[in-house]
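Below: the structure, in structure tokens.
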Amino acid sequence: MQKTILYLIFTLFLSNLALAQEEYYFPGEKFDPNIPSPSQFLGYPIGDWHTRYDLIVKYFEKLDQISETAQLQTIGYTHEHRPKVILTIASAKNMGNLEQIRQKQLQLADPSQSKPDVSTMPSIVHLGYGVHGNEPSSAEAAILTAYWIMASQSDLAKNLRENMVVHIDPTLNPDGRDRHSLWANSNKGFPPVADPLDREHNEAWPGGRTNHYWFDLNRDWLPLAHPESRVKVEWYHQWYPNVTTDFHEMGTNSTYFFEPTKPFGSENPVVPRKNYDDINPRFAKYFAKYMDEIGSLYWTKEVFDNSYPGYGSTYPDIHGGLGLVFETASSRGHLQASQRGDISFAFTIRNHVVNSLATMEAALDNRVYLHDYLREFFESAAAEGGKDAAKSYVFGDEFDDGRNRLFVRFLLDHKIKVYENSADLTVDGQAFKKGKSWVVPTNQPQYRMVRTMFEYVKEFADSVFYDASAWTMAAAYGMPFAAAATAKSGTEITTVATPEFTFPEGKAYAYLIDWSDYYAPKILFELQKTGIHVEAIHGAFSSQTQDGKVEFAAGTMMIPMGFQKLKAEEVSSKLKELAAKNGQKVYAVQTGLNLSGIDLGSNKVSAIQQPKVLMVVGTGINSYEAGEIWNLMDQQLGMPFTKINTEQFGRVNLHDYTTLIMPSGNYNTLSEGSVNHLKDWVNRGGTIIAMKNASLWLNQKGITKEAAVELADAPKDPEVLPFDTRNDFEGAKEVGGSIYLAELDLTHPIAYGYHRNNLPVYRNTDIFIAPSADKYLTPVKYTANPHLGGYISKTNLEKLKLSAGVVISSSGQGRVVHFFDSPNFRGTWFGTNKLFLNAIFHGDNMD
């Protein structure tokens with residue numbers, strides 16, 4: 001009996017303690033005692049520690065277990081196999097009818113169906129948190145918000161549960177969050193240290209902002225380069241929420257930002273004005289009210305960009321919902337000094353909690369209005385598409401089935417309707433063949449996403465961009481396309497499958513594989529890994545194959561059967577297996593004597609050296625660019641390579657490697673001995689792939705001697721300007737991210753696999769390097785009128801016209817391949833990946 005009394009007293013003590021711990025976030029609130037608070041469950045007050053992601057998931061699992069008003073689902077997994085979860089909260093009645101509610105929401109978003117009675121439909125709100133792992137307050141706010149919705153006894157909470165379905169994604173980036181949480185918790189002081197110089201507030205490279213491959217996932221809603229974004233967007237299209245939030249952190253000396261963003265200058269051109277002029281201001285009043293109540297400072301209509309479709313706060317705007325970005329001052333740890341005093345982790349969390357509640361109240365009060373807007377959005381999109389003079393876009397690369405499949409699948413992932421092209425067609429001088437091209441009609445509900453994929457935009461209300469100013473995805477995929485008023489569409493495409501090719505029967509003198517396909521480098525690496533000897537043919541030719549006469553371009557792979565260590569039947573068996581896996585057509589020839597062009601034993605045929613690649617990473621290196629390369633090598637090529645920190649460089653024997661990749665960054669920490677070793681290695685035949693300012697460092701060290709572009713009549717800046725114009729004037733000089741047309745030397749190995757001498761490229765640097773003094777070693781330069789899309793100043797455009805995109809520098813028996821564009825940008829520039837991979841596999845033939 002005495003133990004029972006003591007237990008009851010202890011339980012009551014814990015209950016009161018939990019209420020006290022949540023009082024800071026929800027003053028005066030009464031909660032259902034049957035719902036455990038976050039502090040009860042975790043054993044510490046929210047804000048005392050950075051909560052590990054697995055504990056967040058376990059708390060959500062607990063809510064799912066104890067209440068019929070909550071349901072947790074796993075929608076996928078991260079690269080590091082952490083579950084991506086969504087917690088859905090609603091009344092027991094609505095939870096019982098969840099599928100019917102979802103189907104009605106889809107019906108509302110489909111103008112081909114009758115409009116349902118929106119007066120009875122609950123509002124659909126998606127609270128998204130934690131896309132940046134080292135902006136941790138939002139995921140803590142997600143825990144508290146979930147608790148409040150389920151346990152609060154306030155009239156508002158009860159009304160929300162009855163008239164709203166709330167989906168909570170606690171962390172879009174679990175891998176990055178746990179990386180940061182470990183850092184912050186491991187370096188926490190007792191008492192906490194507020195000094196910004198303390199180790200806790202300064203993460204080691206690459207920091208927790210990014211995912212496993214060091215990608216910023218708040219740029220990936222459009223590219224869909226990563227599983228976190230792919231499953232999230234797939235889930236999004238199952239619901240079309242009326243409101244989607246995106247919670248962030250900014251500098252410690254800032255206050256709080258909520259939308260509207262900067263009018264016109266930071267707004268997406270395809271989003272209806274109603275979103276910016278009416279809906280955003282409606283919601284802003286609620287945010288202001290909640291922030292005023294707790295005395296937090298805030299601001300609107302400045303800086304933050306709402307134009308790039310890959311943001312979590314912009315993608316919903318292009319799908320009939322309201323996307324909202326929030327930014328709070330960051331403690332970047334548990335406590336940090338600011339100009340207004342010490343900022344606590346709990347303070348940053350509370351700011352996001354109150355705006356989560358404000359978002360739901362605003363969505364509730366505007367429930368019918370937002371439902372009407374969702375239908376209106378897709379109806380107007382289809383109507384605008386029907387009036388578009390283009391009528392449709394036709395696209396397709398007749399030489400690259402792999403890249404075609406990637407792009408069609410990408411369009412389908414974004415719910416864009418795609419059809420087969422039923423007849424050969426020529427548009428704007430481009431030929432699109434039946435069976436090798438597809439049609440996207442503009443008259444469809446996703447018309448605004450169609451514009452996003454195919455339109456180039458050059459005119460802007462502003463000249464300063466927070467991020468990329470161009471995102472034409474057809475260009476990113478290097479896809480030939482044209483607006484076509486007369487294209488005839490055939491069968492609608494709903495799935496994309498790897499093609500099946502018949503492998504040639506019988507013995508062969510040699511096998512040939514065209515290098516044009518996107519996955520050709522992948523099968524090359526897999527063949528070499530298996531022990532199969534492969535050679536490259538450095539000239540055009542035609543051969544008699546099992547399909548008759550076939551024309552082959554330079555770069556074609558040859559597997560000569562007379563030079564294999566494996567038995568012939570082993571080579572054929574493995575080649576057949578890998579060709580099927582990678583969707584590669586294999587040709588068999590019975591003689592080395594070709595029908596035209598060079599023969600198979602020509603001096604222009606050479607063995608392809610199996611590359612052994614090293615990349616410099618770590619302090620001072622651009623982690624985004626390094627991550628893009630790592631992602632390409634892992635996810636597209638499947639090729640392991642070595643990543644070495646800058647401080648370890650002096651211990652490396654470069655002669656163990658064929659290729660050194662140097663992403664953009666600061667290499668001044670490398671010792672003089674390391675520089676001398678690098679020079680010796682290159683002179684003895686090594687290949688350096690240098691990105692942007694890594695090339696400038698190589699110039700400074702005398703390894704290369706390339707020249708910057710200089711304009712003879714470049715305009716000079718005014719001697720005096722008003723102070724408050726500084727950011728706009730200097731920002732307008734930057735090349736923040738835009739698309740240009742480059743000219744390829746199709747005879748150079750860097751261009752193997754390409755069949756058109758013009759290629760869209762992505763540039764986000766103001767480094768302008770002149771063509772090589774050697775007239776043969778500028779394989780990629782810009783055309784006379786290169787600007788395709790995005791912002792660039794007039795002066796920079798004139799420099800660009802005189803610049804090279806890729807330059808080769810000879811150095812003894814080796815060479816440096818300089819890239820001044822971004823061939824692997826955000827894991828989605830499939831059109832220029834081949835340039836980079838050619839530098840890896842064919843670098844020793846480039847000078």
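Naming scheme: A, B, ... for chains in displayed order of the structure tokens; residues 1 onward per chain; ligands 1 onward as shown.
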
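Residues of segment 259-374 of chain A assigned to strand (DSSP E or B) by DSSP on this structure's backbone: A:Glu267, A:Trp299, A:Asn306, A:Leu322, A:Gly323, A:Leu324, A:Val325, A:Phe326, A:Glu327, A:Thr328, A:Ala329, A:Leu335, A:Gln336, A:Ala337, A:Ser338, A:Gln339, A:Gly341, A:Asp342, A:Ile343, A:Ser344.
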
Can you write out the residues you just picked, keeping C-alpha atoms, as a compact mmCIF listing (two decimals), in the first residue's frame?
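Output (result-v3.txt):
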```txt
# COMPACT_ATOMS: atom_id res chain seq x y z
CA GLU A 267 8.26 35.52 -56.82
CA TRP A 299 10.04 41.21 -40.50
CA ASN A 306 10.28 32.42 -53.43
CA LEU A 322 0.13 27.97 -50.18
CA GLY A 323 3.79 27.39 -49.42
CA LEU A 324 5.16 29.27 -46.42
CA VAL A 325 8.77 29.83 -45.38
CA PHE A 326 9.67 30.79 -41.81
CA GLU A 327 13.11 31.79 -40.53
CA THR A 328 14.08 32.25 -36.88
CA ALA A 329 17.27 33.55 -35.34
CA LEU A 335 22.82 29.12 -26.09
CA GLN A 336 24.54 31.81 -28.12
CA ALA A 337 25.23 35.49 -27.61
CA SER A 338 23.54 37.97 -29.96
CA GLN A 339 23.18 41.72 -30.25
CA GLY A 341 21.40 39.20 -25.52
CA ASP A 342 21.78 35.45 -25.29
CA ILE A 343 19.55 33.43 -27.63
CA SER A 344 18.45 30.11 -26.16
```

So which one's closest to Ser822 of chain A, A:Gly737, A:Pro786, A:Gly320, A:Pro223? Using only C-alpha atoms, please.
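Of A:Gly737, A:Pro786, A:Gly320, A:Pro223, the one nearest Ser822 of chain A is A:Gly737, counting only C-alpha atoms.
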
Counting only C-alpha atoms, which residues of segment 552-659 of chain A sit at most 8 Å from some atom of segment 749-768 of chain A, and what is each one's closest atom pair with its distance in Å to one decimal, listed by chain and rising residue number, as a tab-separated table?
```
residue	atom	partner	partner_atom	distance
A:Ala553	CA	A:Gly753	CA	7.6
A:Ala554	CA	A:Tyr752	CA	6.3
A:Gly555	CA	A:Tyr752	CA	5.2
```

Those same residues, written as an mmCIF file, in the first residue's frame with C-alpha atoms?
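The resulting file, part.cif, is shown below:
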```cif
data_model
loop_
_atom_site.group_PDB
_atom_site.id
_atom_site.type_symbol
_atom_site.label_atom_id
_atom_site.label_comp_id
_atom_site.auth_asym_id
_atom_site.auth_seq_id
_atom_site.Cartn_x
_atom_site.Cartn_y
_atom_site.Cartn_z
ATOM 1 C CA ALA A 553 30.952 7.661 -83.614
ATOM 2 C CA ALA A 554 34.274 8.318 -81.927
ATOM 3 C CA GLY A 555 34.312 7.072 -78.353
#
```

As a check of understanding: the span from atom CA of Leu802 of chain A to atom CA of Asp774 of chain A is 15.5 Å

Expressed in Å, the length from atom CA of Lys679 of chain A to atom CA of Lys705 of chain A is 13.2 Å

_So that I can see what lies close to Ile840 of chain A, please list as a PyMOL selection string the residues with an atom at most 10 Å from it, counting only C-alpha atoms and leaving out residues fewer than 4 positions away in the same chain._
chain A and resi 521+609-613+658-661+687-689+750+817+834-836+844

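Minimum atom-to-atom distances from A:Ser543, A:Asn582, A:Ser254, A:Asn838 to Glu526 of chain A were compared using only C-alpha atoms, and the lowest value belongs to A:Asn582.
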
**Request:** Write out as a list of chain:residue names all residues of segment 433-502 of chain A that backbone DSSP assigns to alpha helix (DSSP H).
**Result:**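 Selecting the alpha helix (DSSP H) positions of segment 433-502 of chain A gives A:Tyr447, A:Arg448, A:Met449, A:Val450, A:Arg451, A:Thr452, A:Met453, A:Phe454, A:Met473, A:Ala474, A:Ala475, A:Ala476.
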
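Using only C-alpha atoms, the shortest contact distance between Tyr213 of chain A and any of A:Met561, A:Ile608, A:Leu632, A:Leu160 is found at A:Leu632.
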
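Checking A:Pro33, A:Phe26, A:Trp183, A:Glu672 one by one against Tyr290 of chain A, counting only C-alpha atoms, you find the shortest gap at A:Phe26.
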
For this session: Please provide the set of residues having any atom within 10 Å of Phe215 of chain A, restricted to only C-alpha atoms, with same-chain residues fewer than 5 positions apart removed, written as a PyMOL selection string.
Result: chain A and resi 132+176+209-210+220+225-226+623-628+631+826-827

If you keep N, CA, C and O atoms, can you produce a file of those selected residues as a PDB file, in the first residue's frame?
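again30.pdb, written as the output of this step:
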```
ATOM      1  N   HIS A 132      16.963  21.539 -43.327  1.00  0.00           N
ATOM      2  CA  HIS A 132      18.385  21.753 -43.069  1.00  0.00           C
ATOM      3  C   HIS A 132      18.722  21.188 -41.696  1.00  0.00           C
ATOM      4  O   HIS A 132      18.177  21.625 -40.675  1.00  0.00           O
ATOM      5  N   GLY A 176      21.139  14.656 -41.984  1.00  0.00           N
ATOM      6  CA  GLY A 176      21.824  15.887 -41.603  1.00  0.00           C
ATOM      7  C   GLY A 176      21.498  16.294 -40.171  1.00  0.00           C
ATOM      8  O   GLY A 176      22.364  16.793 -39.445  1.00  0.00           O
ATOM      9  N   ARG A 209      23.963  20.832 -42.304  1.00  0.00           N
ATOM     10  CA  ARG A 209      22.922  21.417 -43.148  1.00  0.00           C
ATOM     11  C   ARG A 209      22.424  20.433 -44.205  1.00  0.00           C
ATOM     12  O   ARG A 209      21.234  20.355 -44.491  1.00  0.00           O
ATOM     13  N   THR A 210      23.338  19.671 -44.770  1.00  0.00           N
ATOM     14  CA  THR A 210      23.041  18.885 -45.961  1.00  0.00           C
ATOM     15  C   THR A 210      22.785  17.416 -45.632  1.00  0.00           C
ATOM     16  O   THR A 210      22.960  16.970 -44.497  1.00  0.00           O
ATOM     17  N   ASP A 220      15.789  20.527 -53.689  1.00  0.00           N
ATOM     18  CA  ASP A 220      15.612  19.250 -54.388  1.00  0.00           C
ATOM     19  C   ASP A 220      14.157  18.875 -54.650  1.00  0.00           C
ATOM     20  O   ASP A 220      13.892  17.810 -55.184  1.00  0.00           O
ATOM     21  N   ALA A 225      16.680  14.560 -56.879  1.00  0.00           N
ATOM     22  CA  ALA A 225      17.911  13.781 -56.996  1.00  0.00           C
ATOM     23  C   ALA A 225      18.078  12.785 -55.858  1.00  0.00           C
ATOM     24  O   ALA A 225      18.913  11.886 -55.960  1.00  0.00           O
ATOM     25  N   HIS A 226      17.292  12.931 -54.791  1.00  0.00           N
ATOM     26  CA  HIS A 226      17.532  12.133 -53.592  1.00  0.00           C
ATOM     27  C   HIS A 226      16.251  11.476 -53.079  1.00  0.00           C
ATOM     28  O   HIS A 226      15.148  11.995 -53.292  1.00  0.00           O
ATOM     29  N   SER A 623      31.527  22.038 -50.276  1.00  0.00           N
ATOM     30  CA  SER A 623      30.916  20.730 -49.996  1.00  0.00           C
ATOM     31  C   SER A 623      29.795  20.413 -50.972  1.00  0.00           C
ATOM     32  O   SER A 623      29.566  19.244 -51.301  1.00  0.00           O
ATOM     33  N   TYR A 624      29.068  21.429 -51.447  1.00  0.00           N
ATOM     34  CA  TYR A 624      27.999  21.175 -52.423  1.00  0.00           C
ATOM     35  C   TYR A 624      28.564  20.550 -53.687  1.00  0.00           C
ATOM     36  O   TYR A 624      28.056  19.553 -54.202  1.00  0.00           O
ATOM     37  N   GLU A 625      29.645  21.165 -54.196  1.00  0.00           N
ATOM     38  CA  GLU A 625      30.227  20.685 -55.446  1.00  0.00           C
ATOM     39  C   GLU A 625      30.854  19.307 -55.255  1.00  0.00           C
ATOM     40  O   GLU A 625      30.715  18.419 -56.113  1.00  0.00           O
ATOM     41  N   ALA A 626      31.546  19.121 -54.132  1.00  0.00           N
ATOM     42  CA  ALA A 626      32.124  17.806 -53.848  1.00  0.00           C
ATOM     43  C   ALA A 626      31.026  16.763 -53.717  1.00  0.00           C
ATOM     44  O   ALA A 626      31.163  15.627 -54.201  1.00  0.00           O
ATOM     45  N   GLY A 627      29.926  17.137 -53.083  1.00  0.00           N
ATOM     46  CA  GLY A 627      28.811  16.208 -52.932  1.00  0.00           C
ATOM     47  C   GLY A 627      28.171  15.845 -54.255  1.00  0.00           C
ATOM     48  O   GLY A 627      27.745  14.703 -54.458  1.00  0.00           O
ATOM     49  N   GLU A 628      28.086  16.807 -55.175  1.00  0.00           N
ATOM     50  CA  GLU A 628      27.540  16.516 -56.503  1.00  0.00           C
ATOM     51  C   GLU A 628      28.380  15.463 -57.219  1.00  0.00           C
ATOM     52  O   GLU A 628      27.843  14.569 -57.883  1.00  0.00           O
ATOM     53  N   ASN A 631      27.922  12.065 -55.409  1.00  0.00           N
ATOM     54  CA  ASN A 631      26.611  11.520 -55.772  1.00  0.00           C
ATOM     55  C   ASN A 631      26.632  10.928 -57.180  1.00  0.00           C
ATOM     56  O   ASN A 631      26.087   9.845 -57.425  1.00  0.00           O
ATOM     57  N   ARG A 826      23.530  20.034 -58.773  1.00  0.00           N
ATOM     58  CA  ARG A 826      22.400  19.521 -57.995  1.00  0.00           C
ATOM     59  C   ARG A 826      21.944  18.120 -58.390  1.00  0.00           C
ATOM     60  O   ARG A 826      20.778  17.754 -58.228  1.00  0.00           O
ATOM     61  N   GLY A 827      22.861  17.360 -58.951  1.00  0.00           N
ATOM     62  CA  GLY A 827      22.540  15.974 -59.269  1.00  0.00           C
ATOM     63  C   GLY A 827      21.522  15.809 -60.360  1.00  0.00           C
ATOM     64  O   GLY A 827      20.957  14.719 -60.522  1.00  0.00           O
TER      65      GLY A 827
END
```

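Remark: for Arg199 of chain A, the closest of the candidate residues A:Ser296, A:Ser186, A:Ser37, A:Asn173 is A:Ser186 (distances computed over only C-alpha atoms).
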
So that I can check the surroundings of Thr472 of chain A, please list as a ChimeraX atom specification every protein, DNA and RNA residue that reaches within 9 Å of it, counting only C-alpha atoms and ignoring chain neighbours fewer than 3 positions away.
/A:451-457,475-476,739,789

Selected residues written out with C-alpha atoms, as a CSV table (one decimal), in the first residue's frame:
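part_7.csv, freshly written:
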```csv
chain,number,residue,atom,x,y,z
A,451,ARG,CA,6.3,25.8,-68.3
A,452,THR,CA,8.8,25.2,-65.5
A,453,MET,CA,10.3,22.3,-67.4
A,454,PHE,CA,10.5,23.9,-70.9
A,455,GLU,CA,10.5,27.7,-70.6
A,456,TYR,CA,13.6,29.9,-70.6
A,457,VAL,CA,13.1,33.1,-68.6
A,475,ALA,CA,18.0,22.0,-70.6
A,476,ALA,CA,19.3,20.3,-67.5
A,739,ILE,CA,21.8,28.7,-68.4
A,789,GLY,CA,17.8,31.7,-69.3
```

For Trp239 of chain A: contacts at 10 Å, only C-alpha atoms, fewer than 2 positions along chain excluded, given as a PDB file with N, CA, C and O atoms, in the first residue's frame:
```pdb
ATOM      1  N   ILE A 101     -11.487  11.277 -47.515  1.00  0.00           N
ATOM      2  CA  ILE A 101     -11.073  12.685 -47.497  1.00  0.00           C
ATOM      3  C   ILE A 101      -9.980  12.923 -48.530  1.00  0.00           C
ATOM      4  O   ILE A 101      -9.998  13.920 -49.263  1.00  0.00           O
ATOM      5  N   ARG A 102      -9.033  12.018 -48.596  1.00  0.00           N
ATOM      6  CA  ARG A 102      -7.937  12.153 -49.562  1.00  0.00           C
ATOM      7  C   ARG A 102      -8.451  12.122 -50.996  1.00  0.00           C
ATOM      8  O   ARG A 102      -8.047  12.931 -51.832  1.00  0.00           O
ATOM      9  N   GLN A 103      -9.369  11.203 -51.275  1.00  0.00           N
ATOM     10  CA  GLN A 103      -9.917  11.100 -52.626  1.00  0.00           C
ATOM     11  C   GLN A 103     -10.690  12.358 -53.015  1.00  0.00           C
ATOM     12  O   GLN A 103     -10.639  12.799 -54.162  1.00  0.00           O
ATOM     13  N   LYS A 104     -11.389  12.955 -52.068  1.00  0.00           N
ATOM     14  CA  LYS A 104     -12.104  14.206 -52.357  1.00  0.00           C
ATOM     15  C   LYS A 104     -11.128  15.339 -52.649  1.00  0.00           C
ATOM     16  O   LYS A 104     -11.382  16.184 -53.511  1.00  0.00           O
ATOM     17  N   GLN A 105     -10.004  15.356 -51.926  1.00  0.00           N
ATOM     18  CA  GLN A 105      -8.996  16.382 -52.170  1.00  0.00           C
ATOM     19  C   GLN A 105      -8.404  16.218 -53.567  1.00  0.00           C
ATOM     20  O   GLN A 105      -8.182  17.210 -54.279  1.00  0.00           O
ATOM     21  N   LEU A 106      -8.158  14.976 -53.985  1.00  0.00           N
ATOM     22  CA  LEU A 106      -7.661  14.728 -55.332  1.00  0.00           C
ATOM     23  C   LEU A 106      -8.706  15.110 -56.378  1.00  0.00           C
ATOM     24  O   LEU A 106      -8.378  15.640 -57.445  1.00  0.00           O
ATOM     25  N   ALA A 109      -8.607  18.742 -56.943  1.00  0.00           N
ATOM     26  CA  ALA A 109      -7.445  19.192 -57.712  1.00  0.00           C
ATOM     27  C   ALA A 109      -7.475  18.734 -59.166  1.00  0.00           C
ATOM     28  O   ALA A 109      -6.542  19.016 -59.918  1.00  0.00           O
ATOM     29  N   ILE A 124      -6.651  20.676 -45.368  1.00  0.00           N
ATOM     30  CA  ILE A 124      -5.493  19.775 -45.368  1.00  0.00           C
ATOM     31  C   ILE A 124      -4.245  20.630 -45.182  1.00  0.00           C
ATOM     32  O   ILE A 124      -3.895  21.441 -46.040  1.00  0.00           O
ATOM     33  N   VAL A 125      -3.583  20.448 -44.047  1.00  0.00           N
ATOM     34  CA  VAL A 125      -2.397  21.245 -43.720  1.00  0.00           C
ATOM     35  C   VAL A 125      -1.194  20.320 -43.553  1.00  0.00           C
ATOM     36  O   VAL A 125      -1.279  19.310 -42.843  1.00  0.00           O
ATOM     37  N   HIS A 126      -0.132  20.670 -44.224  1.00  0.00           N
ATOM     38  CA  HIS A 126       1.113  19.899 -44.099  1.00  0.00           C
ATOM     39  C   HIS A 126       2.152  20.762 -43.407  1.00  0.00           C
ATOM     40  O   HIS A 126       2.603  21.778 -43.951  1.00  0.00           O
ATOM     41  N   HIS A 167      -0.842  16.947 -41.372  1.00  0.00           N
ATOM     42  CA  HIS A 167       0.254  16.010 -41.645  1.00  0.00           C
ATOM     43  C   HIS A 167       1.550  16.661 -41.174  1.00  0.00           C
ATOM     44  O   HIS A 167       1.895  17.762 -41.623  1.00  0.00           O
ATOM     45  N   GLU A 234       6.279  12.419 -53.963  1.00  0.00           N
ATOM     46  CA  GLU A 234       5.285  11.382 -54.253  1.00  0.00           C
ATOM     47  C   GLU A 234       4.149  11.447 -53.243  1.00  0.00           C
ATOM     48  O   GLU A 234       2.964  11.375 -53.613  1.00  0.00           O
ATOM     49  N   TRP A 235       4.475  11.610 -51.972  1.00  0.00           N
ATOM     50  CA  TRP A 235       3.443  11.741 -50.935  1.00  0.00           C
ATOM     51  C   TRP A 235       2.629  13.014 -51.163  1.00  0.00           C
ATOM     52  O   TRP A 235       1.394  13.002 -51.031  1.00  0.00           O
ATOM     53  N   TYR A 236       3.294  14.109 -51.517  1.00  0.00           N
ATOM     54  CA  TYR A 236       2.603  15.387 -51.718  1.00  0.00           C
ATOM     55  C   TYR A 236       1.495  15.249 -52.760  1.00  0.00           C
ATOM     56  O   TYR A 236       0.378  15.746 -52.579  1.00  0.00           O
ATOM     57  N   HIS A 237       1.790  14.551 -53.838  1.00  0.00           N
ATOM     58  CA  HIS A 237       0.800  14.404 -54.904  1.00  0.00           C
ATOM     59  C   HIS A 237      -0.333  13.446 -54.533  1.00  0.00           C
ATOM     60  O   HIS A 237      -1.303  13.333 -55.283  1.00  0.00           O
ATOM     61  N   PRO A 241      -1.945  19.301 -50.303  1.00  0.00           N
ATOM     62  CA  PRO A 241      -2.347  20.087 -49.127  1.00  0.00           C
ATOM     63  C   PRO A 241      -2.695  21.522 -49.488  1.00  0.00           C
ATOM     64  O   PRO A 241      -2.132  22.103 -50.429  1.00  0.00           O
ATOM     65  N   ASN A 242      -3.604  22.095 -48.720  1.00  0.00           N
ATOM     66  CA  ASN A 242      -3.956  23.499 -48.923  1.00  0.00           C
ATOM     67  C   ASN A 242      -2.833  24.422 -48.475  1.00  0.00           C
ATOM     68  O   ASN A 242      -2.633  25.497 -49.047  1.00  0.00           O
TER      69      ASN A 242
END
```
